[in-house]
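Take a look at the structure set out below.
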Amino acid sequence: MSGNLHQAGVRFLRQLGRHAEPIMDAYLSGSVSDQALEPAVEERLVKDGILYRPEPGADLHLRRAVRALLEEALRDDRNRQIDANTGSALATFKTLAAHYKEARHQGDYAAADAYLGDLKEHVYAFGETLGHSIRVLWSRLNNEFGYVGTLNAKIRENELAQSQVSELLAGLEMISFEELAETAGDLRELRRLLVTSLQRTVSACVQELSIVQGRLLELLGRFRQIRGRTRLLKGWLLHMEQQPDYQVGNHAAHQNVPQLFNLAAPVLAPAALDIHSPQHEADLLALVAQIRALQPADRFAPPPGEAAGLILGEVEAFEVQGNPIREAVSAYFCQVIDSGQPLSALDYRQQHDLPWDAESWLYQVIGGYEGLPEEQKQCFELLPDGEAHPLYSGNFIIRDVKLCLIL
């Protein structure tokens, strides 16, 4: 592993030394054109990660890591250092844009070009910094945090990566493209940099960070599941060490199988017959016919002697006794119809001094309303009077009902 890193590092430093002039030209001018480099050299520098093209058709620029290396080595104060702070980057963008607009207004086009080149480098470097952060997160995610050995360490690294993603997303939310559009004004170069190019970069980064965040949450759930099963297995091993004579019983023979061992799916799912479904009507009738056929034919037949002397007499006259409380409910409904005004059930009970308790009377009024035919029920409206339960949400306590006539 160290030998490969050593060879890769030596090869990279040799590339820097062999192509020092175009690298310094790109550092001083901000970019290097395609005509200034041979195609083979350009391909090699791009492949080794020294130069990159921020967008199709643009000139080649130095990678942020190479530029930071030169800035640190040369102690160059002309180039501003950009950190991961989005607020600082936005302030730098606005400051350089103001310098560029002022120089153009004063006719100092050389200074304006210098400020514009500096602004381009900062915008591209900001996008390169975001891309580098996302690449680092993807590398850690694809490796499943393999640089740490324990599962708890992987979970901590995952939580750290999630906090970093949240910080990056919170920083990107600070970017207001309306303010940047006002800063750019009607200058085409500024709008292309601060609105078009930056918005495309930020949108791509936000989309990729969302995918990274989802993968991190999925991986964290898997880590926690593995940790839970590992703890269960360790607890079982510890139990076996403390009680070496323990033997597993025949749990399948028990009446109540422990949930830990009852993991098999049921053979038949729970089912119930729907007697209101018209599709089952024929089956239900067939079952009822079978039940009747099981009854002996002579079970309820009278003895022979009694059958001989059995004489049908006249049917005794009888009268169906009315239910007083039902009649009172009917009278209550009729009074509402006659008056046309809403009437409380408890007020009617108190006015007529009815003997039934309040709860039974309210139940009978509600039952009488629900028992009306549908065409008659549409002529009335039963309004409950009460309050919600103070402790249990969703429960309504009915103290009284009021019957109204709908005209």
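The way I read the labels, and the way they are meant: chains A, B, ... in the order of the structure tokens, residue 1 as the first residue of every chain, and ligand 1 as the first ligand shown, with later ones counted on from there.
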Pull the helix (DSSP H, G or I) assignments for stretch 53-138 of chain A out of DSSP run on the backbone, and list those residues as a compact mmCIF listing (two decimals) with all heavy atoms, in the first residue's frame.
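Generated file (selection_24.txt):
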```
# COMPACT_ATOMS: atom_id res chain seq x y z
N ARG A 64 -7.99 22.96 -7.24
CA ARG A 64 -7.93 23.74 -6.00
C ARG A 64 -6.78 23.28 -5.12
O ARG A 64 -6.12 24.09 -4.47
CB ARG A 64 -9.25 23.61 -5.25
CG ARG A 64 -9.33 24.47 -4.01
CD ARG A 64 -9.17 25.92 -4.35
NE ARG A 64 -8.82 26.70 -3.17
CZ ARG A 64 -8.33 27.93 -3.21
NH1 ARG A 64 -8.11 28.51 -4.37
NH2 ARG A 64 -8.05 28.59 -2.12
N ALA A 65 -6.51 21.98 -5.10
CA ALA A 65 -5.43 21.48 -4.24
C ALA A 65 -4.07 21.98 -4.72
O ALA A 65 -3.21 22.38 -3.91
CB ALA A 65 -5.46 19.96 -4.22
N VAL A 66 -3.87 22.00 -6.07
CA VAL A 66 -2.58 22.49 -6.60
C VAL A 66 -2.45 23.98 -6.36
O VAL A 66 -1.37 24.47 -5.99
CB VAL A 66 -2.49 22.14 -8.10
CG1 VAL A 66 -1.16 22.63 -8.67
CG2 VAL A 66 -2.63 20.64 -8.30
N ARG A 67 -3.53 24.74 -6.57
CA ARG A 67 -3.47 26.18 -6.32
C ARG A 67 -3.19 26.47 -4.85
O ARG A 67 -2.41 27.38 -4.52
CB ARG A 67 -4.77 26.82 -6.77
CG ARG A 67 -4.88 28.31 -6.47
CD ARG A 67 -6.10 28.90 -7.13
NE ARG A 67 -5.90 28.93 -8.59
CZ ARG A 67 -5.27 29.93 -9.21
NH1 ARG A 67 -4.75 30.93 -8.53
NH2 ARG A 67 -5.14 29.90 -10.51
N ALA A 68 -3.84 25.72 -3.96
CA ALA A 68 -3.58 25.93 -2.53
C ALA A 68 -2.14 25.61 -2.18
O ALA A 68 -1.51 26.29 -1.35
CB ALA A 68 -4.55 25.08 -1.70
N LEU A 69 -1.57 24.58 -2.83
CA LEU A 69 -0.17 24.24 -2.58
C LEU A 69 0.76 25.37 -3.01
O LEU A 69 1.69 25.75 -2.27
CB LEU A 69 0.17 22.95 -3.34
CG LEU A 69 1.63 22.47 -3.26
CD1 LEU A 69 1.99 22.11 -1.83
CD2 LEU A 69 1.83 21.27 -4.19
N LEU A 70 0.50 25.96 -4.19
CA LEU A 70 1.34 27.06 -4.66
C LEU A 70 1.13 28.31 -3.82
O LEU A 70 2.09 29.05 -3.54
CB LEU A 70 1.03 27.35 -6.13
CG LEU A 70 1.43 26.26 -7.12
CD1 LEU A 70 0.97 26.60 -8.52
CD2 LEU A 70 2.94 26.04 -7.09
N GLU A 71 -0.09 28.58 -3.43
CA GLU A 71 -0.34 29.75 -2.58
C GLU A 71 0.39 29.62 -1.25
O GLU A 71 0.97 30.60 -0.74
CB GLU A 71 -1.84 29.89 -2.33
CG GLU A 71 -2.62 30.36 -3.54
CD GLU A 71 -4.11 30.39 -3.27
OE1 GLU A 71 -4.52 29.98 -2.16
OE2 GLU A 71 -4.86 30.81 -4.18
N GLU A 72 0.40 28.43 -0.68
CA GLU A 72 1.09 28.24 0.59
C GLU A 72 2.59 28.30 0.42
O GLU A 72 3.31 28.87 1.26
CB GLU A 72 0.67 26.89 1.19
CG GLU A 72 1.25 26.61 2.57
CD GLU A 72 0.71 27.54 3.62
OE1 GLU A 72 -0.37 28.14 3.38
OE2 GLU A 72 1.35 27.70 4.68
N ALA A 73 3.11 27.74 -0.69
CA ALA A 73 4.56 27.73 -0.90
C ALA A 73 5.10 29.10 -1.26
O ALA A 73 6.19 29.49 -0.81
CB ALA A 73 4.91 26.71 -1.98
N LEU A 74 4.36 29.86 -2.08
CA LEU A 74 4.83 31.17 -2.54
C LEU A 74 4.43 32.30 -1.60
O LEU A 74 4.86 33.44 -1.84
CB LEU A 74 4.27 31.44 -3.94
CG LEU A 74 4.68 30.43 -5.02
CD1 LEU A 74 3.99 30.77 -6.33
CD2 LEU A 74 6.19 30.42 -5.20
N THR A 86 -19.64 29.09 3.31
CA THR A 86 -20.36 29.63 2.17
C THR A 86 -20.59 31.12 2.30
O THR A 86 -20.55 31.86 1.31
CB THR A 86 -21.71 28.90 2.01
OG1 THR A 86 -21.47 27.50 1.95
CG2 THR A 86 -22.43 29.34 0.76
N GLY A 87 -20.83 31.59 3.52
CA GLY A 87 -21.03 33.02 3.72
C GLY A 87 -19.81 33.83 3.32
O GLY A 87 -19.93 34.88 2.69
N SER A 88 -18.62 33.35 3.67
CA SER A 88 -17.39 34.04 3.27
C SER A 88 -17.22 34.03 1.76
O SER A 88 -16.81 35.03 1.16
CB SER A 88 -16.19 33.37 3.95
OG SER A 88 -14.99 33.95 3.51
N ALA A 89 -17.55 32.92 1.11
CA ALA A 89 -17.45 32.85 -0.34
C ALA A 89 -18.41 33.83 -1.01
O ALA A 89 -18.05 34.52 -1.98
CB ALA A 89 -17.71 31.42 -0.82
N LEU A 90 -19.65 33.91 -0.50
CA LEU A 90 -20.61 34.84 -1.08
C LEU A 90 -20.16 36.28 -0.91
O LEU A 90 -20.31 37.11 -1.83
CB LEU A 90 -21.98 34.64 -0.43
CG LEU A 90 -22.72 33.34 -0.76
CD1 LEU A 90 -24.00 33.24 0.04
CD2 LEU A 90 -23.03 33.27 -2.24
N ALA A 91 -19.58 36.61 0.25
CA ALA A 91 -19.08 37.97 0.46
C ALA A 91 -17.95 38.29 -0.51
O ALA A 91 -17.86 39.40 -1.04
CB ALA A 91 -18.61 38.12 1.91
N THR A 92 -17.09 37.31 -0.78
CA THR A 92 -16.00 37.52 -1.74
C THR A 92 -16.55 37.73 -3.14
O THR A 92 -16.08 38.60 -3.89
CB THR A 92 -15.05 36.31 -1.70
OG1 THR A 92 -14.59 36.12 -0.37
CG2 THR A 92 -13.86 36.55 -2.61
N PHE A 93 -17.56 36.95 -3.53
CA PHE A 93 -18.17 37.12 -4.84
C PHE A 93 -18.73 38.54 -5.01
O PHE A 93 -18.48 39.21 -6.03
CB PHE A 93 -19.30 36.11 -5.05
CG PHE A 93 -18.85 34.68 -5.06
CD1 PHE A 93 -19.76 33.65 -4.86
CD2 PHE A 93 -17.51 34.35 -5.26
CE1 PHE A 93 -19.35 32.34 -4.87
CE2 PHE A 93 -17.10 33.03 -5.26
CZ PHE A 93 -18.01 32.03 -5.06
N LYS A 94 -19.47 38.99 -4.02
CA LYS A 94 -20.08 40.31 -4.11
C LYS A 94 -19.03 41.42 -4.14
O LYS A 94 -19.17 42.41 -4.86
CB LYS A 94 -21.04 40.52 -2.95
CG LYS A 94 -22.25 39.58 -2.97
CD LYS A 94 -23.14 39.79 -1.76
CE LYS A 94 -24.32 38.82 -1.79
NZ LYS A 94 -25.20 38.99 -0.61
N THR A 95 -17.96 41.25 -3.35
CA THR A 95 -16.91 42.27 -3.31
C THR A 95 -16.20 42.36 -4.66
O THR A 95 -15.99 43.47 -5.20
CB THR A 95 -15.91 41.93 -2.21
OG1 THR A 95 -16.59 41.87 -0.95
CG2 THR A 95 -14.82 42.99 -2.13
N LEU A 96 -15.81 41.24 -5.23
CA LEU A 96 -15.13 41.25 -6.52
C LEU A 96 -16.06 41.76 -7.63
O LEU A 96 -15.61 42.45 -8.56
CB LEU A 96 -14.62 39.85 -6.86
CG LEU A 96 -13.47 39.33 -5.98
CD1 LEU A 96 -13.14 37.90 -6.33
CD2 LEU A 96 -12.25 40.22 -6.13
N ALA A 97 -17.34 41.43 -7.56
CA ALA A 97 -18.28 41.95 -8.55
C ALA A 97 -18.40 43.46 -8.46
O ALA A 97 -18.47 44.16 -9.49
CB ALA A 97 -19.65 41.30 -8.37
N ALA A 98 -18.41 43.98 -7.23
CA ALA A 98 -18.44 45.45 -7.06
C ALA A 98 -17.17 46.09 -7.61
O ALA A 98 -17.22 47.15 -8.24
CB ALA A 98 -18.64 45.79 -5.59
N HIS A 99 -15.99 45.47 -7.37
CA HIS A 99 -14.74 45.99 -7.94
C HIS A 99 -14.79 46.00 -9.46
O HIS A 99 -14.38 46.98 -10.11
CB HIS A 99 -13.56 45.13 -7.47
CG HIS A 99 -13.28 45.23 -6.00
ND1 HIS A 99 -13.77 46.23 -5.22
CD2 HIS A 99 -12.55 44.42 -5.17
CE1 HIS A 99 -13.37 46.07 -3.96
NE2 HIS A 99 -12.63 44.96 -3.91
N TYR A 100 -15.34 44.95 -10.05
CA TYR A 100 -15.40 44.85 -11.51
C TYR A 100 -16.33 45.92 -12.08
O TYR A 100 -16.00 46.58 -13.08
CB TYR A 100 -15.88 43.45 -11.89
CG TYR A 100 -16.15 43.26 -13.36
CD1 TYR A 100 -15.11 43.18 -14.28
CD2 TYR A 100 -17.46 43.18 -13.82
CE1 TYR A 100 -15.36 43.00 -15.62
CE2 TYR A 100 -17.72 43.00 -15.17
CZ TYR A 100 -16.67 42.92 -16.07
OH TYR A 100 -16.92 42.76 -17.40
N LYS A 101 -17.48 46.11 -11.47
CA LYS A 101 -18.42 47.12 -11.96
C LYS A 101 -17.86 48.53 -11.82
O LYS A 101 -18.03 49.37 -12.71
CB LYS A 101 -19.75 46.99 -11.20
CG LYS A 101 -20.48 45.68 -11.47
CD LYS A 101 -21.60 45.43 -10.50
CE LYS A 101 -22.69 46.43 -10.62
NZ LYS A 101 -23.84 46.09 -9.73
N GLU A 102 -17.15 48.78 -10.72
CA GLU A 102 -16.56 50.11 -10.53
C GLU A 102 -15.45 50.37 -11.56
O GLU A 102 -15.35 51.47 -12.11
CB GLU A 102 -16.01 50.23 -9.11
CG GLU A 102 -15.42 51.59 -8.80
CD GLU A 102 -14.86 51.65 -7.39
OE1 GLU A 102 -14.80 50.61 -6.72
OE2 GLU A 102 -14.48 52.76 -6.97
N ALA A 103 -14.62 49.37 -11.82
CA ALA A 103 -13.55 49.55 -12.81
C ALA A 103 -14.11 49.78 -14.21
O ALA A 103 -13.61 50.61 -14.98
CB ALA A 103 -12.62 48.34 -12.79
N ARG A 104 -15.17 49.07 -14.58
CA ARG A 104 -15.79 49.29 -15.88
C ARG A 104 -16.41 50.67 -15.96
O ARG A 104 -16.35 51.34 -17.01
CB ARG A 104 -16.86 48.23 -16.14
CG ARG A 104 -16.31 46.88 -16.58
CD ARG A 104 -17.45 45.91 -16.83
NE ARG A 104 -18.38 46.43 -17.82
CZ ARG A 104 -18.30 46.17 -19.13
NH1 ARG A 104 -17.30 45.42 -19.60
NH2 ARG A 104 -19.20 46.68 -19.97
N HIS A 105 -17.01 51.12 -14.87
CA HIS A 105 -17.62 52.44 -14.87
C HIS A 105 -16.57 53.54 -15.03
O HIS A 105 -16.84 54.57 -15.69
CB HIS A 105 -18.41 52.64 -13.58
CG HIS A 105 -19.09 53.96 -13.49
ND1 HIS A 105 -20.20 54.29 -14.26
CD2 HIS A 105 -18.82 55.07 -12.71
CE1 HIS A 105 -20.58 55.53 -13.98
NE2 HIS A 105 -19.77 56.01 -13.03
N GLN A 106 -15.41 53.34 -14.46
CA GLN A 106 -14.33 54.34 -14.56
C GLN A 106 -13.51 54.20 -15.84
O GLN A 106 -12.61 55.00 -16.08
CB GLN A 106 -13.41 54.23 -13.35
CG GLN A 106 -14.10 54.59 -12.03
CD GLN A 106 -13.19 54.39 -10.84
OE1 GLN A 106 -12.06 53.90 -10.99
NE2 GLN A 106 -13.67 54.78 -9.66
N TYR A 109 -10.31 49.22 -18.02
CA TYR A 109 -10.66 47.89 -18.49
C TYR A 109 -9.61 46.85 -18.11
O TYR A 109 -9.94 45.67 -17.94
CB TYR A 109 -10.85 47.91 -20.00
CG TYR A 109 -12.03 48.75 -20.41
CD1 TYR A 109 -11.84 50.02 -20.97
CD2 TYR A 109 -13.33 48.30 -20.24
CE1 TYR A 109 -12.93 50.80 -21.34
CE2 TYR A 109 -14.42 49.08 -20.61
CZ TYR A 109 -14.22 50.34 -21.15
OH TYR A 109 -15.29 51.10 -21.50
N ALA A 110 -8.37 47.25 -17.93
CA ALA A 110 -7.34 46.30 -17.51
C ALA A 110 -7.63 45.79 -16.10
O ALA A 110 -7.58 44.59 -15.82
CB ALA A 110 -5.96 46.95 -17.58
N ALA A 111 -7.96 46.74 -15.21
CA ALA A 111 -8.30 46.33 -13.84
C ALA A 111 -9.60 45.53 -13.82
O ALA A 111 -9.75 44.57 -13.05
CB ALA A 111 -8.43 47.56 -12.94
N ALA A 112 -10.56 45.90 -14.70
CA ALA A 112 -11.81 45.16 -14.75
C ALA A 112 -11.58 43.72 -15.19
O ALA A 112 -12.16 42.79 -14.63
CB ALA A 112 -12.79 45.85 -15.71
N ASP A 113 -10.70 43.52 -16.18
CA ASP A 113 -10.39 42.16 -16.62
C ASP A 113 -9.71 41.36 -15.50
O ASP A 113 -9.97 40.16 -15.33
CB ASP A 113 -9.49 42.19 -17.86
CG ASP A 113 -10.23 42.74 -19.07
OD1 ASP A 113 -11.48 42.72 -19.05
OD2 ASP A 113 -9.56 43.20 -20.01
N ALA A 114 -8.83 42.03 -14.74
CA ALA A 114 -8.16 41.34 -13.64
C ALA A 114 -9.17 40.93 -12.56
O ALA A 114 -9.12 39.80 -12.05
CB ALA A 114 -7.09 42.25 -13.03
N TYR A 115 -10.08 41.84 -12.24
CA TYR A 115 -11.10 41.50 -11.23
C TYR A 115 -12.02 40.39 -11.74
O TYR A 115 -12.42 39.50 -10.98
CB TYR A 115 -11.92 42.74 -10.88
CG TYR A 115 -11.18 43.74 -10.05
CD1 TYR A 115 -11.19 45.10 -10.38
CD2 TYR A 115 -10.47 43.36 -8.91
CE1 TYR A 115 -10.51 46.03 -9.61
CE2 TYR A 115 -9.79 44.28 -8.13
CZ TYR A 115 -9.81 45.61 -8.50
OH TYR A 115 -9.13 46.53 -7.74
N LEU A 116 -12.35 40.43 -13.03
CA LEU A 116 -13.21 39.39 -13.59
C LEU A 116 -12.51 38.03 -13.57
O LEU A 116 -13.13 37.01 -13.24
CB LEU A 116 -13.62 39.76 -15.02
CG LEU A 116 -14.57 38.78 -15.71
CD1 LEU A 116 -15.88 38.66 -14.94
CD2 LEU A 116 -14.82 39.21 -17.15
N GLY A 117 -11.22 38.00 -13.92
CA GLY A 117 -10.48 36.75 -13.85
C GLY A 117 -10.40 36.22 -12.43
O GLY A 117 -10.51 35.01 -12.20
N ASP A 118 -10.20 37.13 -11.47
CA ASP A 118 -10.15 36.70 -10.07
C ASP A 118 -11.50 36.16 -9.62
O ASP A 118 -11.60 35.15 -8.90
CB ASP A 118 -9.73 37.89 -9.20
CG ASP A 118 -9.17 37.44 -7.86
OD1 ASP A 118 -9.04 36.22 -7.66
OD2 ASP A 118 -8.85 38.31 -7.04
N LEU A 119 -12.59 36.81 -10.07
CA LEU A 119 -13.93 36.34 -9.71
C LEU A 119 -14.21 34.96 -10.32
O LEU A 119 -14.79 34.09 -9.67
CB LEU A 119 -14.96 37.35 -10.17
CG LEU A 119 -16.43 37.00 -9.90
CD1 LEU A 119 -16.68 36.81 -8.41
CD2 LEU A 119 -17.34 38.07 -10.47
N LYS A 120 -13.79 34.78 -11.59
CA LYS A 120 -13.97 33.47 -12.21
C LYS A 120 -13.26 32.38 -11.41
O LYS A 120 -13.82 31.30 -11.17
CB LYS A 120 -13.43 33.50 -13.63
CG LYS A 120 -14.28 34.24 -14.64
CD LYS A 120 -13.65 34.15 -16.02
CE LYS A 120 -14.49 34.89 -17.06
NZ LYS A 120 -13.87 34.82 -18.40
N GLU A 121 -12.03 32.67 -11.01
CA GLU A 121 -11.27 31.67 -10.27
C GLU A 121 -11.93 31.33 -8.94
O GLU A 121 -11.97 30.17 -8.53
CB GLU A 121 -9.85 32.19 -10.04
CG GLU A 121 -8.95 31.20 -9.34
CD GLU A 121 -8.83 29.89 -10.12
OE1 GLU A 121 -8.85 29.95 -11.37
OE2 GLU A 121 -8.75 28.83 -9.50
N HIS A 122 -12.47 32.34 -8.27
CA HIS A 122 -13.13 32.08 -6.99
C HIS A 122 -14.42 31.29 -7.18
O HIS A 122 -14.72 30.38 -6.38
CB HIS A 122 -13.42 33.40 -6.27
CG HIS A 122 -12.23 33.97 -5.58
ND1 HIS A 122 -11.23 34.65 -6.23
CD2 HIS A 122 -11.86 33.95 -4.28
CE1 HIS A 122 -10.30 35.03 -5.38
NE2 HIS A 122 -10.67 34.62 -4.17
N VAL A 123 -15.18 31.61 -8.22
CA VAL A 123 -16.42 30.87 -8.46
C VAL A 123 -16.12 29.42 -8.82
O VAL A 123 -16.73 28.48 -8.31
CB VAL A 123 -17.25 31.55 -9.57
CG1 VAL A 123 -18.44 30.69 -9.97
CG2 VAL A 123 -17.74 32.91 -9.10
N TYR A 124 -15.15 29.23 -9.71
CA TYR A 124 -14.79 27.86 -10.10
C TYR A 124 -14.19 27.11 -8.92
O TYR A 124 -14.42 25.90 -8.76
CB TYR A 124 -13.81 27.90 -11.26
CG TYR A 124 -14.40 28.42 -12.55
CD1 TYR A 124 -13.61 29.05 -13.50
CD2 TYR A 124 -15.76 28.30 -12.81
CE1 TYR A 124 -14.16 29.55 -14.68
CE2 TYR A 124 -16.31 28.78 -13.98
CZ TYR A 124 -15.51 29.41 -14.91
OH TYR A 124 -16.05 29.89 -16.07
N ALA A 125 -13.38 27.80 -8.11
CA ALA A 125 -12.78 27.13 -6.95
C ALA A 125 -13.85 26.75 -5.93
O ALA A 125 -13.75 25.70 -5.28
CB ALA A 125 -11.75 28.05 -6.30
N PHE A 126 -14.90 27.58 -5.80
CA PHE A 126 -16.00 27.24 -4.89
C PHE A 126 -16.71 25.97 -5.37
O PHE A 126 -17.01 25.07 -4.57
CB PHE A 126 -16.98 28.41 -4.83
CG PHE A 126 -18.17 28.16 -3.96
CD1 PHE A 126 -18.05 28.12 -2.58
CD2 PHE A 126 -19.43 27.95 -4.52
CE1 PHE A 126 -19.16 27.88 -1.77
CE2 PHE A 126 -20.53 27.70 -3.73
CZ PHE A 126 -20.39 27.68 -2.35
N GLY A 127 -16.98 25.88 -6.66
CA GLY A 127 -17.57 24.66 -7.19
C GLY A 127 -16.66 23.46 -7.06
O GLY A 127 -17.11 22.34 -6.77
N GLU A 128 -15.33 23.67 -7.25
CA GLU A 128 -14.40 22.56 -7.10
C GLU A 128 -14.32 22.10 -5.65
O GLU A 128 -14.20 20.90 -5.37
CB GLU A 128 -13.01 23.02 -7.57
CG GLU A 128 -11.90 22.00 -7.35
CD GLU A 128 -12.12 20.73 -8.13
OE1 GLU A 128 -12.91 20.73 -9.10
OE2 GLU A 128 -11.49 19.71 -7.77
N THR A 129 -14.41 23.05 -4.70
CA THR A 129 -14.41 22.67 -3.28
C THR A 129 -15.63 21.83 -2.94
O THR A 129 -15.54 20.83 -2.23
CB THR A 129 -14.37 23.94 -2.40
OG1 THR A 129 -13.22 24.71 -2.74
CG2 THR A 129 -14.33 23.57 -0.93
N LEU A 130 -16.80 22.23 -3.45
CA LEU A 130 -18.01 21.43 -3.21
C LEU A 130 -17.89 20.05 -3.84
O LEU A 130 -18.25 19.03 -3.22
CB LEU A 130 -19.23 22.16 -3.79
CG LEU A 130 -19.67 23.44 -3.08
CD1 LEU A 130 -20.83 24.08 -3.83
CD2 LEU A 130 -20.06 23.16 -1.64
N GLY A 131 -17.37 20.00 -5.06
CA GLY A 131 -17.20 18.70 -5.70
C GLY A 131 -16.23 17.81 -4.95
O GLY A 131 -16.44 16.59 -4.84
N HIS A 132 -15.15 18.41 -4.43
CA HIS A 132 -14.19 17.62 -3.67
C HIS A 132 -14.82 17.08 -2.39
O HIS A 132 -14.61 15.91 -2.01
CB HIS A 132 -12.98 18.49 -3.34
CG HIS A 132 -11.99 17.82 -2.43
ND1 HIS A 132 -11.17 16.78 -2.84
CD2 HIS A 132 -11.69 18.03 -1.11
CE1 HIS A 132 -10.42 16.39 -1.84
NE2 HIS A 132 -10.71 17.13 -0.78
N SER A 133 -15.62 17.90 -1.71
CA SER A 133 -16.28 17.43 -0.49
C SER A 133 -17.23 16.28 -0.78
O SER A 133 -17.28 15.29 -0.04
CB SER A 133 -17.05 18.59 0.16
OG SER A 133 -16.19 19.67 0.47
N ILE A 134 -17.96 16.38 -1.88
CA ILE A 134 -18.89 15.30 -2.23
C ILE A 134 -18.12 14.03 -2.60
O ILE A 134 -18.53 12.92 -2.24
CB ILE A 134 -19.81 15.76 -3.37
CG1 ILE A 134 -20.70 16.90 -2.89
CG2 ILE A 134 -20.67 14.61 -3.88
CD1 ILE A 134 -21.56 17.51 -3.99
N ARG A 135 -17.00 14.18 -3.31
CA ARG A 135 -16.21 13.00 -3.66
C ARG A 135 -15.66 12.31 -2.42
O ARG A 135 -15.61 11.08 -2.35
CB ARG A 135 -15.07 13.41 -4.60
CG ARG A 135 -15.51 13.70 -6.03
CD ARG A 135 -14.31 13.77 -6.96
NE ARG A 135 -13.39 14.82 -6.59
CZ ARG A 135 -13.47 16.08 -7.02
NH1 ARG A 135 -14.44 16.43 -7.85
NH2 ARG A 135 -12.59 16.98 -6.65
N VAL A 136 -15.25 13.10 -1.44
CA VAL A 136 -14.76 12.51 -0.19
C VAL A 136 -15.87 11.75 0.52
O VAL A 136 -15.66 10.63 1.03
CB VAL A 136 -14.18 13.62 0.72
CG1 VAL A 136 -13.90 13.08 2.11
CG2 VAL A 136 -12.91 14.19 0.12
N LEU A 137 -17.08 12.34 0.54
CA LEU A 137 -18.20 11.65 1.18
C LEU A 137 -18.54 10.35 0.46
O LEU A 137 -18.81 9.32 1.09
CB LEU A 137 -19.42 12.57 1.20
CG LEU A 137 -19.36 13.76 2.16
CD1 LEU A 137 -20.52 14.71 1.92
CD2 LEU A 137 -19.37 13.28 3.61
N TRP A 138 -18.52 10.37 -0.87
CA TRP A 138 -18.82 9.15 -1.63
C TRP A 138 -17.76 8.08 -1.40
O TRP A 138 -18.09 6.89 -1.30
CB TRP A 138 -18.91 9.47 -3.12
CG TRP A 138 -20.27 9.87 -3.57
CD1 TRP A 138 -20.66 11.05 -4.11
CD2 TRP A 138 -21.46 9.07 -3.54
NE1 TRP A 138 -21.98 11.06 -4.41
CE2 TRP A 138 -22.51 9.85 -4.08
CE3 TRP A 138 -21.74 7.79 -3.10
CZ2 TRP A 138 -23.81 9.37 -4.19
CZ3 TRP A 138 -23.04 7.31 -3.21
CH2 TRP A 138 -24.05 8.09 -3.75
```
Please identify all polymer residues within 12 Å of A:Leu354, counting only C-alpha atoms, omitting same-chain residues fewer than 4 positions from it, and present them as a PyMOL selection string. chain A and resi 324-325+327-329+331-332+345-350+358+360-361
Could you take the residues named above and write them with N, CA, C and O atoms, as a compact mmCIF listing (two decimals), in the first residue's frame?
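The result, stored in again.txt:
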```txt
# COMPACT_ATOMS: atom_id res chain seq x y z
N PRO A 324 -94.30 2.54 26.29
CA PRO A 324 -94.54 3.93 26.68
C PRO A 324 -93.41 4.87 26.27
O PRO A 324 -93.67 6.01 25.85
N ILE A 325 -92.18 4.44 26.40
CA ILE A 325 -91.08 5.34 26.08
C ILE A 325 -91.02 5.61 24.58
O ILE A 325 -90.67 6.72 24.14
N GLU A 327 -93.68 5.68 22.64
CA GLU A 327 -94.76 6.63 22.40
C GLU A 327 -94.37 8.04 22.82
O GLU A 327 -94.74 9.02 22.16
N ALA A 328 -93.61 8.16 23.92
CA ALA A 328 -93.15 9.47 24.34
C ALA A 328 -92.21 10.08 23.32
O ALA A 328 -92.24 11.28 23.05
N VAL A 329 -91.33 9.25 22.73
CA VAL A 329 -90.42 9.75 21.70
C VAL A 329 -91.20 10.21 20.48
O VAL A 329 -90.91 11.24 19.86
N ALA A 331 -94.26 11.33 20.48
CA ALA A 331 -94.89 12.60 20.84
C ALA A 331 -93.88 13.75 20.79
O ALA A 331 -94.21 14.87 20.38
N TYR A 332 -92.65 13.47 21.19
CA TYR A 332 -91.59 14.49 21.13
C TYR A 332 -91.33 14.91 19.68
O TYR A 332 -91.21 16.10 19.37
N ALA A 345 -84.10 17.54 24.05
CA ALA A 345 -84.72 16.32 24.56
C ALA A 345 -84.87 16.38 26.07
O ALA A 345 -85.90 15.96 26.62
N LEU A 346 -83.88 16.89 26.79
CA LEU A 346 -83.98 16.98 28.25
C LEU A 346 -84.99 18.03 28.68
O LEU A 346 -85.67 17.87 29.71
N ASP A 347 -85.13 19.13 27.89
CA ASP A 347 -86.16 20.13 28.22
C ASP A 347 -87.56 19.54 28.05
O ASP A 347 -88.46 19.78 28.87
N TYR A 348 -87.76 18.75 26.98
CA TYR A 348 -89.06 18.10 26.79
C TYR A 348 -89.35 17.12 27.93
O TYR A 348 -90.48 17.03 28.42
N ARG A 349 -88.29 16.38 28.36
CA ARG A 349 -88.47 15.43 29.47
C ARG A 349 -88.85 16.17 30.74
O ARG A 349 -89.73 15.71 31.51
N GLN A 350 -88.24 17.34 31.00
CA GLN A 350 -88.54 18.08 32.22
C GLN A 350 -89.93 18.73 32.14
O GLN A 350 -90.65 18.79 33.15
N ALA A 358 -82.44 10.39 32.57
CA ALA A 358 -82.00 11.21 31.43
C ALA A 358 -81.23 10.39 30.40
O ALA A 358 -81.40 10.55 29.19
N SER A 360 -81.35 7.07 29.69
CA SER A 360 -82.23 6.18 28.93
C SER A 360 -83.08 6.97 27.94
O SER A 360 -83.30 6.53 26.80
N TRP A 361 -83.54 8.14 28.36
CA TRP A 361 -84.35 8.97 27.48
C TRP A 361 -83.53 9.43 26.26
O TRP A 361 -84.01 9.39 25.13
```
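Atom CA of A:Asn152 sits 8.0 Å away from atom CA of A:Arg227.
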For A:Asp385, which residue among A:Val46, A:Leu372, A:Asp400, A:Ala58 is the nearest when counting only C-alpha atoms?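 So, comparing all the options, the nearest one is A:Asp400.
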Stretch 206-212 of chain A surroundings by only C-alpha atoms, 9 Å radius, close-in-sequence under 2 positions cut, as an MDAnalysis selection string: chainID A and resid 134 137:138 141 162 165:166 168:169 172 201:204 214:217
